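The file entry.pdb comes next; it holds PDB, C-alpha atoms.
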```pdb
ATOM      1  CA  ARG A 224     -16.985 -26.221  -0.393  1.00  0.00           C
ATOM      2  CA  SER A 225     -14.843 -23.350  -1.601  1.00  0.00           C
ATOM      3  CA  HIS A 226     -14.340 -24.642  -5.143  1.00  0.00           C
ATOM      4  CA  GLN A 227     -16.571 -26.460  -7.582  1.00  0.00           C
ATOM      5  CA  SER A 228     -15.662 -27.234 -11.181  1.00  0.00           C
ATOM      6  CA  GLY A 229     -15.276 -23.814 -12.771  1.00  0.00           C
ATOM      7  CA  ASN A 230     -17.170 -21.936 -10.056  1.00  0.00           C
ATOM      8  CA  HIS A 231     -15.504 -19.857  -7.363  1.00  0.00           C
ATOM      9  CA  GLN A 232     -17.164 -18.755  -4.192  1.00  0.00           C
ATOM     10  CA  ILE A 233     -16.357 -17.475  -0.750  1.00  0.00           C
ATOM     11  CA  PRO A 234     -15.568 -20.345   1.661  1.00  0.00           C
ATOM     12  CA  GLN A 235     -18.401 -21.090   4.075  1.00  0.00           C
ATOM     13  CA  SER A 236     -16.112 -20.443   7.054  1.00  0.00           C
ATOM     14  CA  LEU A 237     -15.785 -16.740   6.102  1.00  0.00           C
ATOM     15  CA  PRO A 238     -18.641 -14.658   7.522  1.00  0.00           C
ATOM     16  CA  SER A 239     -20.605 -13.041   4.718  1.00  0.00           C
ATOM     17  CA  LYS A 240     -20.409  -9.594   6.365  1.00  0.00           C
ATOM     18  CA  THR A 241     -16.587  -9.750   6.242  1.00  0.00           C
ATOM     19  CA  ALA A 242     -16.365 -10.368   2.502  1.00  0.00           C
ATOM     20  CA  PRO A 243     -17.446  -6.894   1.306  1.00  0.00           C
ATOM     21  CA  ILE A 244     -15.014  -5.248   3.746  1.00  0.00           C
ATOM     22  CA  ALA A 245     -12.114  -7.421   2.565  1.00  0.00           C
ATOM     23  CA  VAL A 246     -12.939  -6.849  -1.097  1.00  0.00           C
ATOM     24  CA  ARG A 247     -13.191  -3.093  -0.533  1.00  0.00           C
ATOM     25  CA  GLY A 248      -9.741  -3.086   1.081  1.00  0.00           C
ATOM     26  CA  ILE A 249      -8.216  -5.065  -1.766  1.00  0.00           C
ATOM     27  CA  LEU A 250      -9.769  -2.774  -4.382  1.00  0.00           C
ATOM     28  CA  GLN A 251      -8.607   0.303  -2.496  1.00  0.00           C
ATOM     29  CA  ALA A 252      -5.026  -1.019  -2.333  1.00  0.00           C
ATOM     30  CA  ALA A 253      -5.071  -2.014  -6.016  1.00  0.00           C
ATOM     31  CA  THR A 254      -6.326   1.439  -7.006  1.00  0.00           C
ATOM     32  CA  CYS A 255      -3.595   3.061  -4.917  1.00  0.00           C
ATOM     33  CA  LEU A 256      -0.912   0.899  -6.557  1.00  0.00           C
ATOM     34  CA  ARG A 257      -1.979   1.771 -10.113  1.00  0.00           C
ATOM     35  CA  ASP A 258       0.238   4.830  -9.789  1.00  0.00           C
ATOM     36  CA  ALA A 259       3.816   4.067 -10.900  1.00  0.00           C
ATOM     37  CA  THR A 260       5.263   6.625  -8.468  1.00  0.00           C
ATOM     38  CA  ARG A 261       3.628   5.005  -5.442  1.00  0.00           C
ATOM     39  CA  LEU A 262       4.653   1.567  -6.664  1.00  0.00           C
ATOM     40  CA  SER A 263       8.285   2.678  -7.049  1.00  0.00           C
ATOM     41  CA  ILE A 264       8.246   4.088  -3.504  1.00  0.00           C
ATOM     42  CA  LEU A 265       6.888   0.795  -2.157  1.00  0.00           C
ATOM     43  CA  LEU A 266       9.602  -1.109  -4.008  1.00  0.00           C
ATOM     44  CA  GLU A 267      12.245   1.093  -2.372  1.00  0.00           C
ATOM     45  CA  LEU A 268      10.708   0.400   1.037  1.00  0.00           C
ATOM     46  CA  LYS A 269      10.379  -3.366   0.612  1.00  0.00           C
ATOM     47  CA  ALA A 270      13.741  -4.027   2.297  1.00  0.00           C
ATOM     48  CA  GLY A 271      12.823  -1.880   5.285  1.00  0.00           C
ATOM     49  CA  PRO A 272      12.319   1.678   6.496  1.00  0.00           C
ATOM     50  CA  LEU A 273      14.255   4.531   4.906  1.00  0.00           C
ATOM     51  CA  PRO A 274      14.804   8.093   6.055  1.00  0.00           C
ATOM     52  CA  PHE A 275      12.750  10.567   4.035  1.00  0.00           C
ATOM     53  CA  ASP A 276      15.819  12.206   2.405  1.00  0.00           C
ATOM     54  CA  GLU A 277      17.150   8.800   1.325  1.00  0.00           C
ATOM     55  CA  LEU A 278      13.807   7.950  -0.250  1.00  0.00           C
ATOM     56  CA  VAL A 279      13.844  11.269  -2.137  1.00  0.00           C
ATOM     57  CA  ASN A 280      17.375  10.547  -3.398  1.00  0.00           C
ATOM     58  CA  ARG A 281      16.596   6.987  -4.467  1.00  0.00           C
ATOM     59  CA  THR A 282      13.394   7.871  -6.303  1.00  0.00           C
ATOM     60  CA  GLU A 283      14.722  11.139  -7.789  1.00  0.00           C
ATOM     61  CA  LEU A 284      11.355  12.746  -7.034  1.00  0.00           C
ATOM     62  CA  THR A 285      10.791  16.112  -5.393  1.00  0.00           C
ATOM     63  CA  GLN A 286      10.351  16.227  -1.631  1.00  0.00           C
ATOM     64  CA  GLY A 287       6.813  17.481  -2.111  1.00  0.00           C
ATOM     65  CA  ASN A 288       5.899  14.604  -4.422  1.00  0.00           C
ATOM     66  CA  VAL A 289       7.406  11.977  -2.131  1.00  0.00           C
ATOM     67  CA  SER A 290       5.583  13.486   0.843  1.00  0.00           C
ATOM     68  CA  LYS A 291       2.265  13.484  -1.051  1.00  0.00           C
ATOM     69  CA  GLN A 292       2.694   9.879  -2.199  1.00  0.00           C
ATOM     70  CA  LEU A 293       3.711   8.694   1.288  1.00  0.00           C
ATOM     71  CA  LYS A 294       0.553  10.262   2.711  1.00  0.00           C
ATOM     72  CA  ILE A 295      -1.591   8.445   0.131  1.00  0.00           C
ATOM     73  CA  LEU A 296       0.166   5.139   0.845  1.00  0.00           C
ATOM     74  CA  SER A 297      -0.231   5.675   4.590  1.00  0.00           C
ATOM     75  CA  ASP A 298      -3.890   6.721   4.318  1.00  0.00           C
ATOM     76  CA  ASN A 299      -4.569   3.496   2.391  1.00  0.00           C
ATOM     77  CA  GLY A 300      -2.829   1.343   5.002  1.00  0.00           C
ATOM     78  CA  LEU A 301       0.014   0.265   2.721  1.00  0.00           C
ATOM     79  CA  ILE A 302       2.800   1.782   4.841  1.00  0.00           C
ATOM     80  CA  LYS A 303       3.256   2.972   8.392  1.00  0.00           C
ATOM     81  CA  ARG A 304       5.043   6.236   9.018  1.00  0.00           C
ATOM     82  CA  ARG A 305       7.369   6.469  11.983  1.00  0.00           C
ATOM     83  CA  LYS A 306       9.042   9.620  13.262  1.00  0.00           C
ATOM     84  CA  THR A 307      12.422   9.184  14.917  1.00  0.00           C
ATOM     85  CA  GLY A 308      13.809  12.475  16.190  1.00  0.00           C
ATOM     86  CA  SER A 309      13.694  14.791  13.195  1.00  0.00           C
ATOM     87  CA  LYS A 310      13.469  11.898  10.692  1.00  0.00           C
ATOM     88  CA  VAL A 311      10.380  10.229   9.308  1.00  0.00           C
ATOM     89  CA  THR A 312      10.909   6.635   8.201  1.00  0.00           C
TER
END
```

Turn the structure described in the file into structure tokens.
Amino acid sequence: RSHQSGNHQIPQSLPSKTAPIAVRGILQAATCLRDATRLSILLELKAGPLPFDELVNRTELTQGNVSKQLKILSDNGLIKRRKTGSKVT
């Protein structure tokens, strides 16, 4: 059983070796999203990909700061970067 009165536990169908990996990923994402700048970038991207310059304009951040934050978001698996010609979306 996955729930007993007041107690919470991992469902029996989830392999025990998977749980620490999943928890680590969730904690890593939560830590990454504590930063208001990264959160604002994610909110801008929620409707879909944006060209880098458009993201800079919408967030009113410097190009260097947007680039740094996008790398952190990408390294933590929260976004995927795609290069199209000379544009990164």

Show me, as a list in words, the residues that have an atom within 10 Å of segment 247-253 of chain A when counting only C-alpha atoms, minus same-chain residues fewer than 3 positions from it. Ala242, Pro243, Ile244, Leu256, Arg257, Asp258, Leu296, Asn299, Gly300 and Leu301 of chain A

Residue selection dump (C-alpha atoms) as a PDB file, in the frame of the given file:
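Written output follows (selection.pdb):
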```pdb
ATOM      1  CA  ALA A 242     -16.365 -10.368   2.502  1.00  0.00           C
ATOM      2  CA  PRO A 243     -17.446  -6.894   1.306  1.00  0.00           C
ATOM      3  CA  ILE A 244     -15.014  -5.248   3.746  1.00  0.00           C
ATOM      4  CA  LEU A 256      -0.912   0.899  -6.557  1.00  0.00           C
ATOM      5  CA  ARG A 257      -1.979   1.771 -10.113  1.00  0.00           C
ATOM      6  CA  ASP A 258       0.238   4.830  -9.789  1.00  0.00           C
ATOM      7  CA  LEU A 296       0.166   5.139   0.845  1.00  0.00           C
ATOM      8  CA  ASN A 299      -4.569   3.496   2.391  1.00  0.00           C
ATOM      9  CA  GLY A 300      -2.829   1.343   5.002  1.00  0.00           C
ATOM     10  CA  LEU A 301       0.014   0.265   2.721  1.00  0.00           C
TER      11      LEU A 301
END
```

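The nearest approach to Thr260 of chain A among the residues A:Lys291, A:Arg304, A:Ser297, A:Phe275, with only C-alpha atoms taken into account, belongs to A:Lys291.
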
Take atom CA of Ala270 of chain A and atom CA of Ala245 of chain A and report the distance between them in Å, one decimal. 26.1 Å

Which value, in Å to one decimal, gives the distance between atom CA of Thr282 of chain A and atom CA of Ser263 of chain A?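 Between these atoms lies a distance of 7.3 Å.
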
Which residue of A:Asn280, A:Leu293, A:Asp298, A:Lys303 approaches Arg261 of chain A most closely, using all atoms listed in the file: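 Smallest distance to Arg261 of chain A is found for A:Leu293.
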
Measuring atom to atom with all atoms listed in the file, identify which of A:Gly287, A:Thr307, A:Lys294, A:Val279 is nearest to Glu267 of chain A.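 Among the listed residues, the smallest separation from Glu267 of chain A belongs to A:Val279.
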
Separation of atom CA of Leu273 of chain A from atom CA of Thr254 of chain A in Å: 24.0 Å

Which polymer residues have any atom within 10 Å of an atom of Leu268 of chain A, counting only C-alpha atoms, with same-chain residues fewer than 4 positions away left out, as a PDB file with C-alpha atoms, in the coordinates of the input?
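Final output, result.pdb:
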```pdb
ATOM      1  CA  LEU A 262       4.653   1.567  -6.664  1.00  0.00           C
ATOM      2  CA  SER A 263       8.285   2.678  -7.049  1.00  0.00           C
ATOM      3  CA  ILE A 264       8.246   4.088  -3.504  1.00  0.00           C
ATOM      4  CA  PRO A 272      12.319   1.678   6.496  1.00  0.00           C
ATOM      5  CA  LEU A 273      14.255   4.531   4.906  1.00  0.00           C
ATOM      6  CA  LEU A 278      13.807   7.950  -0.250  1.00  0.00           C
ATOM      7  CA  ILE A 302       2.800   1.782   4.841  1.00  0.00           C
ATOM      8  CA  THR A 312      10.909   6.635   8.201  1.00  0.00           C
TER       9      THR A 312
END
```
